[in-house]
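Chemist: Quick one: this structure, given as structure tokens, is what I'll be asking you about.
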Amino acid sequence: MNYNEILEKARGMVGPYCKACPVCNGRACGNAMPGPGSKIPGNVSARNYDKWQEIFVNMDTICPNASADTSFELFGRSFAAPIFIAPLGALSMHYGELHNDISYNRILVPAAAGYGVCALTGDGVDPEVLKNAAKDMAAVGGVGIPTIKPWNKEFVFEKLDILNKLGIFAVAMDIDGAGLPFLKAMNPNAGSKSVEELKEIISYADMPFIIKGIMTPEGALKAVAAGAKGIVVSNHGGRVQGCTPSTAEVLPAIAEAVSGAVKIFVDGGIRSGVDVYKALALGADAVLVGRPVVPFIYAEGEEGFKVYMDRITGELRDTMTMCGTPSLKDISRDNIYIAK
């Protein structure tokens with residue numbers, strides 16, 4: 001099946017909130033589900049998508065005729081493209097009962113590793129989600145990045161014990177989930193973390209640590225001070241806080257502030273290989289794409305994932321060719337035009 005055929009099939013398999021739209025722009029699902037909706041006014045995902053569309057690429061084909069190379073290195077490991085899969089949770093609630101978080105990750109993790117990229121997986125009140133995801137990653141050489149909620153320190157350490165033992169490639173914490181009700185109910189220290197608390201947590205991990213949910217230069221510098229090796233520019237804490245700027249708007253200042261001290265991912269509204277190119281031009285090292293992947297896995301499993309990745313990676317490769325930038329390191333701010 002091709003891309004459009006799989007997406008059409010998915011419309012009869014996902015729901016009730018996701019509509020498997022031709023473009024996942026956060027409008028059809030409104031504020032009915034986390035991330036795209038957020039709190040009132042429920043415009044976080046729509047703004048993310050819209051702001052990427054205000055950035056254009058500068059064509060330049062007077063250049064050596066070289067094949068585009070999308071390969072990307074992270075923490076000493078090579079990947080086929082700078083396109084990783086964002087963590088998601090509550091799959092059965094938002095996308096339909098065909099999958100829960102565990103069964104979805106069981107398809108996603110090896111599919112991503114097999115393609116040559118990497119999946120981030122979610123966390124939640126069921127501890128079996130992270131445990132099973134870690135086992136799935138261990139089965140493919142540890143390739144994967146479990147994302148831990150900002151639980152209290154003791155619970156985070158329990159989760160890190162599992163990952164340390166299995167030799168998982170890297171770990172993340174979605175600090176932007178700090179306002180979730182089940183974290184507020186924990187005692188002690190669940191939710192927001194000080195730099196000193198993060199230092200202690202990061203030092204406990206045997207693998208590179210990524211902090212997800214950075215939206216200001218100041219936040220990025222705090223993550224660097226805490227010892228993070230990577231950050232994710234993301235406002236998907238928008239599920240508990242509405243009316244935030246888009247990730248495209250804040251990315252340049254964050255990239256300038258950290259000046260290469262950490263790897264930068266950006267998440268939110270990236271829906272094509274052209275968008276990936278724009279993100280790299282604004283200072284990201286790589287991107288995360290989450291929600292658009294779901295219908296393809298629901299409809300066709302690992303094959304659906306491959307079809308999706310072939311499309312977005314192919315679009316990135318084509319854009320690199322048309323803009324005269326045959327490798328990722330060639331992409332810079334000079335390759336884009338931002339509408340006034």
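All residue names refer to the structure tokens as shown: chains lettered A, B, ... in order, residues numbered from 1 in each chain, ligands numbered from 1 in order.
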Set out as a Markdown table a contact list for region 150-175 of chain A and region 132-138 of chain A with a cut-off of 8 Å, giving each residue of region 150-175 of chain A that qualifies its closest atom pair and distance in Å to one decimal, counting only C-alpha atoms, ordered by chain and rising residue number.
Modeler:
```
| residue | atom | partner | partner_atom | distance |
| --- | --- | --- | --- | --- |
| A:Ile162 | CA | A:Ala134 | CA | 7.7 |
| A:Leu163 | CA | A:Ala134 | CA | 6.5 |
| A:Leu166 | CA | A:Ala138 | CA | 6.1 |
| A:Gly167 | CA | A:Ala138 | CA | 7.1 |
| A:Ile168 | CA | A:Ala138 | CA | 6.6 |
```
Chemist: Got a sec: who's within 9 Å of Leu221 (chain A), counting only C-alpha atoms, leaving out chain neighbours fewer than 6 positions off, as a list in words?
Modeler: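 Neighbouring residues, sequence-local ones excluded: Ile254, Ala257 and Val258 of chain A.
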Chemist: Can I get the selected residues back with all heavy atoms, as a short mmCIF file (atom, residue, chain, number, x, y, z; two decimals), in the first residue's frame?
Modeler:
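Output saved as out_26.cif:
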```cif
data_model
loop_
_atom_site.label_atom_id
_atom_site.label_comp_id
_atom_site.auth_asym_id
_atom_site.auth_seq_id
_atom_site.Cartn_x
_atom_site.Cartn_y
_atom_site.Cartn_z
N ILE A 254 17.35 29.64 21.50
CA ILE A 254 17.85 28.54 22.32
C ILE A 254 19.13 27.97 21.72
O ILE A 254 20.12 27.73 22.43
CB ILE A 254 16.76 27.46 22.46
CG1 ILE A 254 15.62 27.98 23.34
CG2 ILE A 254 17.35 26.17 23.04
CD1 ILE A 254 14.41 27.06 23.40
N ALA A 257 21.95 30.27 22.42
CA ALA A 257 22.35 30.29 23.83
C ALA A 257 23.24 29.11 24.19
O ALA A 257 24.24 29.27 24.90
CB ALA A 257 21.10 30.30 24.72
N VAL A 258 22.90 27.92 23.72
CA VAL A 258 23.69 26.74 24.12
C VAL A 258 24.94 26.57 23.27
O VAL A 258 25.89 25.91 23.69
CB VAL A 258 22.84 25.45 24.10
CG1 VAL A 258 21.65 25.57 25.03
CG2 VAL A 258 22.39 25.09 22.69
#
```
Chemist: Could you list, as JSON, numbers by chain, every residue within 12 Å of region 56-67 of chain A, counting only C-alpha atoms and ignoring same-chain residues fewer than 4 positions away?
Modeler: {"A": [51, 52, 71, 273, 274, 275, 276, 277, 278, 279, 280, 281, 282, 316, 317, 318, 319, 320, 321, 322, 323, 324, 325, 326, 327, 328, 331, 332, 333, 334, 335, 336, 337, 338, 339, 340]}
Chemist: Save the residues we just selected, C-alpha atoms, as a compact mmCIF listing (two decimals), in the first residue's frame?
Modeler:
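Everything below was put into selection20.txt:
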```txt
# COMPACT_ATOMS: atom_id res chain seq x y z
CA LYS A 51 4.76 28.87 12.23
CA TRP A 52 6.72 26.25 10.28
CA SER A 71 23.00 10.46 8.04
CA GLY A 273 10.87 16.72 5.15
CA VAL A 274 10.84 20.38 4.16
CA ASP A 275 9.88 21.23 7.75
CA VAL A 276 12.75 19.05 8.97
CA TYR A 277 15.11 21.06 6.76
CA LYS A 278 13.79 24.34 8.19
CA ALA A 279 14.32 23.08 11.74
CA LEU A 280 17.93 22.15 11.01
CA ALA A 281 18.49 25.57 9.42
CA LEU A 282 17.19 27.24 12.59
CA LEU A 316 14.30 15.99 3.28
CA ARG A 317 16.72 14.50 0.76
CA ASP A 318 14.99 16.28 -2.14
CA THR A 319 15.09 19.61 -0.31
CA MET A 320 18.78 19.21 0.46
CA THR A 321 19.41 18.62 -3.25
CA MET A 322 17.37 21.61 -4.40
CA CYS A 323 19.01 23.93 -1.86
CA GLY A 324 22.58 22.91 -2.67
CA THR A 325 23.27 21.37 0.74
CA PRO A 326 24.38 17.75 0.23
CA SER A 327 25.06 17.03 3.91
CA LEU A 328 23.35 18.05 7.15
CA ILE A 331 22.44 23.46 6.19
CA SER A 332 22.43 26.92 7.80
CA ARG A 333 20.23 29.94 8.42
CA ASP A 334 21.25 31.22 4.96
CA ASN A 335 19.18 28.41 3.42
CA ILE A 336 15.83 29.71 4.68
CA TYR A 337 13.65 32.77 4.32
CA ILE A 338 11.27 33.78 7.12
CA ALA A 339 8.16 35.68 6.11
CA LYS A 340 7.69 39.05 7.78
```
Chemist: Mind giving me the straight-line distance from CA of Leu74 (chain A) to CA of Ala255 (chain A) in Å, one decimal?
Modeler: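 Taking CA of Leu74 (chain A) and CA of Ala255 (chain A), their separation equals 16.7 Å.
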Chemist: Per DSSP on the backbone, filter region 182-236 of chain A down to the residues in strand (DSSP E or B) and report them as a list in words.
Modeler: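 Secondary structure check on region 182-236 of chain A, strand (DSSP E or B): Phe209, Ile210, Ile211, Lys212, Gly213, Ile214, Gly230, Ile231, Val232 and Val233 of chain A.
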Chemist: Could I get the residues of region 38-97 of chain A with an atom no further than 7 Å from an atom of region 286-291 of chain A, each paired with its nearest atom pair and that distance in Å to one decimal, using only C-alpha atoms, sorted by chain and residue number, as a tab-separated table?
Modeler:
```
residue	atom	partner	partner_atom	distance
A:Pro82	CA	A:Ala286	CA	4.5
A:Ile83	CA	A:Val287	CA	5.2
A:Phe84	CA	A:Leu288	CA	4.9
A:Ile85	CA	A:Val289	CA	5.0
A:Ala86	CA	A:Gly290	CA	4.4
A:Pro87	CA	A:Gly290	CA	6.6
A:Leu88	CA	A:Gly290	CA	6.9
```
Chemist: Pick out the residues sitting within 12 Å of Lys306 (chain A), and hand them over as a list in words; count only C-alpha atoms, and ignore anything fewer than 6 positions along from it in its own chain.
Modeler: Met1, Asn2, Tyr3, Ile6, Ile107, Leu108, Pro110, Ala111, Ala112, Ala113, Gly114, Tyr115, Gly116, Val117, Val293, Phe296, Ile297, Glu300, Ile312, Thr313 and Gly314 of chain A
Chemist: Would you mind exporting the chosen residues as an mmCIF file, in the first residue's frame, restricted to N, CA, C and O atoms?
Modeler:
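Done, and the output landed in part_30.cif:
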```
data_model
loop_
_atom_site.group_PDB
_atom_site.id
_atom_site.type_symbol
_atom_site.label_atom_id
_atom_site.label_comp_id
_atom_site.auth_asym_id
_atom_site.auth_seq_id
_atom_site.Cartn_x
_atom_site.Cartn_y
_atom_site.Cartn_z
ATOM 1 N N MET A 1 0.836 -1.204 0.000
ATOM 2 C CA MET A 1 0.000 0.000 0.000
ATOM 3 C C MET A 1 0.872 1.256 0.000
ATOM 4 O O MET A 1 1.941 1.273 0.616
ATOM 5 N N ASN A 2 0.394 2.290 -0.688
ATOM 6 C CA ASN A 2 1.153 3.529 -0.684
ATOM 7 C C ASN A 2 0.694 4.439 0.461
ATOM 8 O O ASN A 2 -0.219 4.103 1.225
ATOM 9 N N TYR A 3 1.328 5.603 0.563
ATOM 10 C CA TYR A 3 1.078 6.536 1.661
ATOM 11 C C TYR A 3 -0.397 6.901 1.786
ATOM 12 O O TYR A 3 -0.991 6.799 2.867
ATOM 13 N N ILE A 6 -2.685 3.946 2.848
ATOM 14 C CA ILE A 6 -2.570 3.609 4.271
ATOM 15 C C ILE A 6 -3.306 4.635 5.122
ATOM 16 O O ILE A 6 -4.013 4.293 6.072
ATOM 17 N N ILE A 107 5.661 -2.445 18.373
ATOM 18 C CA ILE A 107 5.822 -2.285 16.925
ATOM 19 C C ILE A 107 6.809 -1.165 16.619
ATOM 20 O O ILE A 107 7.719 -1.309 15.795
ATOM 21 N N LEU A 108 6.639 -0.044 17.299
ATOM 22 C CA LEU A 108 7.402 1.166 16.992
ATOM 23 C C LEU A 108 8.900 0.997 17.213
ATOM 24 O O LEU A 108 9.705 1.377 16.351
ATOM 25 N N PRO A 110 11.168 -1.607 17.359
ATOM 26 C CA PRO A 110 11.970 -2.312 16.356
ATOM 27 C C PRO A 110 11.814 -1.735 14.948
ATOM 28 O O PRO A 110 12.752 -1.796 14.140
ATOM 29 N N ALA A 111 10.643 -1.162 14.638
ATOM 30 C CA ALA A 111 10.455 -0.554 13.321
ATOM 31 C C ALA A 111 11.408 0.620 13.139
ATOM 32 O O ALA A 111 12.036 0.778 12.089
ATOM 33 N N ALA A 112 11.520 1.450 14.181
ATOM 34 C CA ALA A 112 12.422 2.599 14.109
ATOM 35 C C ALA A 112 13.875 2.153 14.020
ATOM 36 O O ALA A 112 14.641 2.642 13.183
ATOM 37 N N ALA A 113 14.256 1.214 14.869
ATOM 38 C CA ALA A 113 15.634 0.722 14.855
ATOM 39 C C ALA A 113 15.968 0.079 13.516
ATOM 40 O O ALA A 113 17.059 0.269 12.972
ATOM 41 N N GLY A 114 15.020 -0.669 12.972
ATOM 42 C CA GLY A 114 15.236 -1.317 11.683
ATOM 43 C C GLY A 114 15.390 -0.326 10.552
ATOM 44 O O GLY A 114 16.106 -0.587 9.571
ATOM 45 N N TYR A 115 14.749 0.812 10.673
ATOM 46 C CA TYR A 115 14.851 1.842 9.642
ATOM 47 C C TYR A 115 16.151 2.630 9.765
ATOM 48 O O TYR A 115 16.568 3.307 8.827
ATOM 49 N N GLY A 116 16.750 2.542 10.934
ATOM 50 C CA GLY A 116 17.989 3.282 11.164
ATOM 51 C C GLY A 116 17.800 4.565 11.922
ATOM 52 O O GLY A 116 18.687 5.430 11.932
ATOM 53 N N VAL A 117 16.631 4.713 12.580
ATOM 54 C CA VAL A 117 16.394 5.875 13.422
ATOM 55 C C VAL A 117 16.112 5.388 14.846
ATOM 56 O O VAL A 117 16.480 4.281 15.204
ATOM 57 N N VAL A 293 2.761 9.649 12.910
ATOM 58 C CA VAL A 293 3.183 8.263 12.739
ATOM 59 C C VAL A 293 2.079 7.287 13.154
ATOM 60 O O VAL A 293 1.955 6.188 12.598
ATOM 61 N N PHE A 296 -0.305 5.386 10.681
ATOM 62 C CA PHE A 296 0.407 4.451 9.810
ATOM 63 C C PHE A 296 0.720 3.143 10.533
ATOM 64 O O PHE A 296 0.662 2.066 9.925
ATOM 65 N N ILE A 297 1.013 3.235 11.811
ATOM 66 C CA ILE A 297 1.242 2.007 12.579
ATOM 67 C C ILE A 297 -0.077 1.301 12.856
ATOM 68 O O ILE A 297 -0.169 0.065 12.769
ATOM 69 N N GLU A 300 -1.001 -0.298 9.255
ATOM 70 C CA GLU A 300 -0.131 -1.265 8.587
ATOM 71 C C GLU A 300 1.107 -1.645 9.394
ATOM 72 O O GLU A 300 2.061 -2.186 8.836
ATOM 73 N N ILE A 312 8.913 11.133 4.461
ATOM 74 C CA ILE A 312 9.467 12.328 5.092
ATOM 75 C C ILE A 312 10.976 12.415 4.887
ATOM 76 O O ILE A 312 11.528 13.500 4.671
ATOM 77 N N THR A 313 11.661 11.271 4.873
ATOM 78 C CA THR A 313 13.099 11.273 4.619
ATOM 79 C C THR A 313 13.385 11.622 3.165
ATOM 80 O O THR A 313 14.336 12.365 2.861
ATOM 81 N N GLY A 314 12.568 11.115 2.260
ATOM 82 C CA GLY A 314 12.729 11.455 0.850
ATOM 83 C C GLY A 314 12.522 12.940 0.602
ATOM 84 O O GLY A 314 13.242 13.555 -0.200
#
```
Chemist: For CA of Tyr17 (chain A) and CA of Gly269 (chain A), determine how far apart the two atoms are, in Å to one decimal place.
Modeler: 17.5 Å
Chemist: Among region 23-193 of chain A, which ones does DSSP assign to alpha helix (DSSP H) (computed from the backbone)? Answer as a PyMOL selection string.
Modeler: chain A and resi 44-52+91-95+101-115+127-138+153-166+181-184
Chemist: Could you tell me how far CA of Asn100 (chain A) sits from CA of Cys18 (chain A), in Å to one decimal place?
Modeler: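 Here the two named atoms are 14.8 Å from each other.
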Chemist: Set the distance at 9 Å and use only C-alpha atoms: which residues neighbour Ala299 (chain A) once local chain neighbours fewer than 4 positions away are removed? I'd like the list as a compact mmCIF listing (two decimals) with N, CA and C atoms, in the first residue's frame.
Modeler:
```txt
# COMPACT_ATOMS: atom_id res chain seq x y z
N ILE A 6 -2.68 3.95 2.85
CA ILE A 6 -2.57 3.61 4.27
C ILE A 6 -3.31 4.63 5.12
N LEU A 7 -3.16 5.91 4.78
CA LEU A 7 -3.84 6.95 5.55
C LEU A 7 -5.34 6.80 5.45
N GLU A 8 -5.85 6.44 4.28
CA GLU A 8 -7.29 6.22 4.10
C GLU A 8 -7.76 5.04 4.95
N LYS A 9 -6.98 3.97 4.95
CA LYS A 9 -7.32 2.81 5.77
C LYS A 9 -7.34 3.17 7.24
N ALA A 10 -6.42 4.01 7.66
CA ALA A 10 -6.30 4.38 9.07
C ALA A 10 -7.52 5.13 9.58
N ARG A 11 -8.22 5.82 8.68
CA ARG A 11 -9.38 6.61 9.13
C ARG A 11 -10.49 5.73 9.68
N GLY A 12 -10.48 4.47 9.32
CA GLY A 12 -11.47 3.56 9.88
C GLY A 12 -10.96 2.81 11.09
N MET A 13 -9.73 3.14 11.53
CA MET A 13 -9.12 2.36 12.60
C MET A 13 -8.71 3.20 13.80
N VAL A 14 -8.60 4.52 13.66
CA VAL A 14 -8.21 5.36 14.78
C VAL A 14 -9.41 6.16 15.25
N VAL A 294 1.25 7.69 14.11
CA VAL A 294 0.30 6.76 14.73
C VAL A 294 -0.64 6.12 13.72
N PRO A 295 -1.33 6.87 12.85
CA PRO A 295 -2.24 6.21 11.90
C PRO A 295 -1.56 5.16 11.03
N GLY A 304 3.69 0.20 7.62
CA GLY A 304 3.16 1.56 7.61
C GLY A 304 4.19 2.56 8.09
```
Chemist: Name the residues in contact with region 210-215 of chain A at a cut-off of 7 Å, using only C-alpha atoms, excluding same-chain residues fewer than 3 positions from it; report them as a list of chain:residue names.
Modeler: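 Final neighbour list, sorted by chain and number: A:Val171, A:Ala172, A:Met173, A:Asp174, A:Ile175, A:Asp176, A:Gly219, A:Ala220, A:Ala223, A:Ala228, A:Lys229, A:Gly230, A:Ile231, A:Val232, A:Val233, A:Ser234, A:Asn235, A:Gly237, A:Val250.
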Chemist: Could the residues in this selection be saved with all heavy atoms as a short mmCIF file (atom, residue, chain, number, x, y, z; two decimals), in the first residue's frame?
Modeler:
```cif
data_model
loop_
_atom_site.label_atom_id
_atom_site.label_comp_id
_atom_site.auth_asym_id
_atom_site.auth_seq_id
_atom_site.Cartn_x
_atom_site.Cartn_y
_atom_site.Cartn_z
N VAL A 171 18.36 8.20 27.67
CA VAL A 171 17.11 8.36 28.42
C VAL A 171 16.72 9.83 28.40
O VAL A 171 17.58 10.71 28.26
CB VAL A 171 17.27 7.86 29.88
CG1 VAL A 171 18.30 8.70 30.64
CG2 VAL A 171 15.93 7.85 30.61
N ALA A 172 15.43 10.10 28.50
CA ALA A 172 14.94 11.47 28.52
C ALA A 172 13.99 11.67 29.71
O ALA A 172 13.45 10.71 30.25
CB ALA A 172 14.21 11.81 27.22
N MET A 173 13.83 12.92 30.08
CA MET A 173 12.79 13.29 31.05
C MET A 173 11.97 14.42 30.46
O MET A 173 12.51 15.45 30.05
CB MET A 173 13.39 13.75 32.39
CG MET A 173 12.34 14.27 33.37
SD MET A 173 13.01 14.68 34.99
CE MET A 173 13.19 13.04 35.70
N ASP A 174 10.65 14.22 30.37
CA ASP A 174 9.79 15.30 29.86
C ASP A 174 9.38 16.19 31.03
O ASP A 174 8.32 16.06 31.60
CB ASP A 174 8.59 14.77 29.06
CG ASP A 174 7.80 13.70 29.77
OD1 ASP A 174 8.29 13.14 30.76
OD2 ASP A 174 6.66 13.43 29.33
N ILE A 175 10.28 17.14 31.29
CA ILE A 175 10.09 18.04 32.42
C ILE A 175 8.86 18.91 32.25
O ILE A 175 8.30 19.43 33.22
CB ILE A 175 11.37 18.90 32.60
CG1 ILE A 175 11.44 19.49 34.01
CG2 ILE A 175 11.47 19.97 31.53
CD1 ILE A 175 11.76 18.48 35.07
N ASP A 176 8.38 19.02 31.00
CA ASP A 176 7.19 19.83 30.75
C ASP A 176 5.91 19.14 31.20
O ASP A 176 4.83 19.72 31.12
CB ASP A 176 7.08 20.21 29.27
CG ASP A 176 7.15 19.03 28.32
OD1 ASP A 176 7.50 17.93 28.77
OD2 ASP A 176 6.87 19.22 27.12
N GLY A 219 16.06 28.22 30.23
CA GLY A 219 15.80 26.82 30.53
C GLY A 219 16.84 25.91 29.92
O GLY A 219 17.29 24.93 30.53
N ALA A 220 17.27 26.24 28.70
CA ALA A 220 18.29 25.44 28.02
C ALA A 220 19.60 25.49 28.79
O ALA A 220 20.28 24.47 28.95
CB ALA A 220 18.48 25.94 26.60
N ALA A 223 19.51 23.30 31.76
CA ALA A 223 19.69 21.89 31.39
C ALA A 223 21.17 21.58 31.18
O ALA A 223 21.66 20.52 31.60
CB ALA A 223 18.89 21.58 30.12
N ALA A 228 22.84 17.70 31.25
CA ALA A 228 22.15 17.05 30.14
C ALA A 228 23.05 17.03 28.91
O ALA A 228 23.82 17.97 28.67
CB ALA A 228 20.85 17.77 29.82
N LYS A 229 22.94 15.97 28.13
CA LYS A 229 23.68 15.85 26.87
C LYS A 229 22.82 16.27 25.68
O LYS A 229 23.33 16.46 24.58
CB LYS A 229 24.17 14.42 26.67
CG LYS A 229 25.12 13.94 27.74
CD LYS A 229 26.39 14.78 27.79
CE LYS A 229 27.37 14.23 28.82
NZ LYS A 229 28.57 15.11 28.94
N GLY A 230 21.51 16.37 25.91
CA GLY A 230 20.61 16.78 24.86
C GLY A 230 19.40 17.47 25.44
O GLY A 230 19.08 17.29 26.62
N ILE A 231 18.75 18.29 24.63
CA ILE A 231 17.50 18.93 25.03
C ILE A 231 16.51 18.79 23.89
O ILE A 231 16.88 18.63 22.73
CB ILE A 231 17.67 20.43 25.38
CG1 ILE A 231 18.21 21.22 24.18
CG2 ILE A 231 18.57 20.60 26.60
CD1 ILE A 231 18.24 22.73 24.39
N VAL A 232 15.24 18.82 24.25
CA VAL A 232 14.17 18.84 23.26
C VAL A 232 13.39 20.13 23.43
O VAL A 232 12.80 20.37 24.50
CB VAL A 232 13.22 17.64 23.39
CG1 VAL A 232 12.14 17.71 22.30
CG2 VAL A 232 13.98 16.33 23.31
N VAL A 233 13.41 20.97 22.41
CA VAL A 233 12.58 22.17 22.40
C VAL A 233 11.17 21.70 22.13
O VAL A 233 10.85 21.21 21.05
CB VAL A 233 13.07 23.16 21.33
CG1 VAL A 233 12.16 24.38 21.28
CG2 VAL A 233 14.51 23.56 21.59
N SER A 234 10.31 21.80 23.13
CA SER A 234 8.97 21.22 23.04
C SER A 234 8.02 21.93 23.97
O SER A 234 8.38 22.23 25.11
CB SER A 234 9.02 19.73 23.40
OG SER A 234 7.73 19.19 23.51
N ASN A 235 6.82 22.21 23.49
CA ASN A 235 5.77 22.79 24.33
C ASN A 235 4.62 21.81 24.51
O ASN A 235 3.49 22.20 24.73
CB ASN A 235 5.26 24.11 23.73
CG ASN A 235 4.77 23.94 22.31
OD1 ASN A 235 4.66 22.82 21.79
ND2 ASN A 235 4.48 25.05 21.65
N GLY A 237 4.07 20.09 26.88
CA GLY A 237 3.46 20.31 28.17
C GLY A 237 2.23 21.16 27.98
O GLY A 237 1.52 21.48 28.92
N VAL A 250 10.88 29.87 19.18
CA VAL A 250 11.87 29.96 20.26
C VAL A 250 13.17 29.24 19.94
O VAL A 250 14.19 29.46 20.59
CB VAL A 250 11.29 29.42 21.58
CG1 VAL A 250 10.02 30.19 21.97
CG2 VAL A 250 11.00 27.93 21.51
#
```
Chemist: Considering only C-alpha atoms, can you say which of A:Lys149, A:Gly144, A:Asp101, A:Val262 comes closest to Val129 (chain A)?
Modeler: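 The shortest atom-to-atom distance to Val129 (chain A) comes from A:Asp101.
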